[in-house]
Amino acid sequence: MNKILTVLATTTSMLLPLAATAQDHDFRVGLITPPVHVWNQEARAMGETLNETSDGRFSVTTFPSGQLGSESTMLQQLQTGALDMAWLTSAGLTLRVPDMSALHAPFLVDNIADAAKVLRSDEAIEILDALPAATGTVGLCYAMTGMRQLMTKDAIESAEDLDGMRFRITPAPAIQTFFEMFGAAPAPMPLTQVYDALANGQIDAIDMDYESIINFGYHDHASNLMETNHHLFPMVALISGRVWAQLSPEDQTIVRAAAQQHCDATIDRFVEEEAGKLEKLKGIEGLTVTEDVSSEFFGDIVERWDADWSKETPYVEKLRTLVATY
Ligand code: BEZ
């Protein structure tokens, strides 16, 4: 083969979809959560499923605990194709996809079973359609971690006590608004920095789910937990648009089905295990748990938050309307 033919052959094989050449592919999946987290367990299990359904061609290597950087860094890596997949919080996507902020509306649902219904709704799934243009990724499916609760160093008697409190939040404007509306000082930081920030007194309180509280042991440095269920906390399983475009339609179907299977398993596990996690935390010595704090404790936050965020996205109203039918 002369030089020109060799170059052409090499270039052509580089452009062929992965499955057209029946190539093996190890999907690198980035997560902010630690190896013990349900998301990581299910991302690894997705690897086993993919291995079976692709006849051994596909595998998964997970990169936990923000090893590859923050969620916004991972999003950039997905965009360039440097990273194949990531399981990211919807919070981390709200800057690029404002409609996703509606999923963080306060007291959108009363319980985690209804949170699961929202994430399986056509309305929520429609929001994923904005991802390719906004981020260069394809949103394969939603999952979630547990409902958000408040954990504080000092006990809270009323919503007025939140005034001036330094609250760690997941970086997202919609979450920031919630805390600012009580006069709190939100401190956006990645999950990986929360334990140290609590330990060294940089923050007074956190907005968190039971799974992460148990995994990290935040009760070492914050002895008050309020069961507020103030918002749900979705995850989106993303694949790089560049990597997606390299897959044949058959392989896209295989990848989408494997992701969906493990998104569903993640959602189901959180619904089933939420009550048990609260029981476990109630058993921790030195941790004061206040159960069933109702939305009334937070006054007219729903009206105030919705008034602001309905201007940003029609999905606040769409999701409130949907949930009213549950
Ligand atoms: C957080 O930022 O609080 C968070 C992120 C992923 C899973 C759980 C919590």
# chains A, B, ... in the order shown; residues from 1 in each chain; ligands from 1

$ residues_around --residues "A:Asn51" --least-positions-apart "4" --cutoff "12 Å" --atoms "only C-alpha atoms" --output "list in words"
Asp24, His25, Asp26, Phe27, Arg44, Ala45, Met46, Gly47, Asp55, Gly56, Arg57, Phe58, Ser59, Val60, Thr61, Asp251, Ile254, Val255 and Ala258 of chain A

$ residues_around --residues "A:Arg168" --least-positions-apart "6" --cutoff "12 Å" --atoms "only C-alpha atoms" --output "PyMOL selection string"
chain A and resi 150-152+175-176+179-180+184-198+201-208

$ closest_residue --among "A:Lys153, A:Arg28, A:His231, A:Arg166" --to "ligand 1" --atoms "only C-alpha atoms and all ligand atoms"
A:His231

$ closest_atom_pairs --of "stretch 82-140 of chain A" --to "stretch 236-248 of chain A" --cutoff "12 Å" --atoms "only C-alpha atoms" --output "Markdown table"
| residue | atom | partner | partner_atom | distance |
| --- | --- | --- | --- | --- |
| A:Ala82 | CA | A:Ser240 | CA | 8.5 |
| A:Leu83 | CA | A:Ser240 | CA | 7.0 |
| A:Asp84 | CA | A:Ser240 | CA | 5.3 |
| A:Met85 | CA | A:Ile239 | CA | 4.3 |
| A:Ala86 | CA | A:Leu238 | CA | 5.3 |
| A:Trp87 | CA | A:Ala237 | CA | 4.5 |
| A:Leu88 | CA | A:Val236 | CA | 5.4 |
| A:Thr89 | CA | A:Val236 | CA | 6.1 |
| A:Ser90 | CA | A:Val236 | CA | 6.1 |
| A:Ala91 | CA | A:Val236 | CA | 9.7 |
| A:Gly92 | CA | A:Val236 | CA | 9.7 |
| A:Leu93 | CA | A:Val236 | CA | 8.8 |
| A:Thr94 | CA | A:Val236 | CA | 11.5 |
| A:Met100 | CA | A:Val236 | CA | 10.5 |
| A:Leu103 | CA | A:Val236 | CA | 11.8 |
| A:Leu119 | CA | A:Val236 | CA | 10.0 |
| A:Ala124 | CA | A:Val236 | CA | 11.0 |
| A:Ile125 | CA | A:Val236 | CA | 10.3 |
| A:Ile127 | CA | A:Val236 | CA | 10.9 |
| A:Leu128 | CA | A:Val236 | CA | 8.6 |
| A:Asp129 | CA | A:Leu238 | CA | 11.9 |
| A:Leu131 | CA | A:Leu238 | CA | 9.1 |
| A:Pro132 | CA | A:Gly241 | CA | 6.7 |
| A:Ala133 | CA | A:Gly241 | CA | 9.6 |
| A:Ala134 | CA | A:Gly241 | CA | 11.0 |
| A:Thr135 | CA | A:Gly241 | CA | 8.6 |
| A:Gly136 | CA | A:Gly241 | CA | 5.2 |
| A:Thr137 | CA | A:Gly241 | CA | 4.4 |
| A:Val138 | CA | A:Ile239 | CA | 5.3 |
| A:Gly139 | CA | A:Leu238 | CA | 4.7 |
| A:Leu140 | CA | A:Ala237 | CA | 5.5 |

$ select_by_dssp --residues "stretch 33-98 of chain A" --states "alpha helix (DSSP H)" --output "PyMOL selection string"
chain A and resi 38-53+71-80
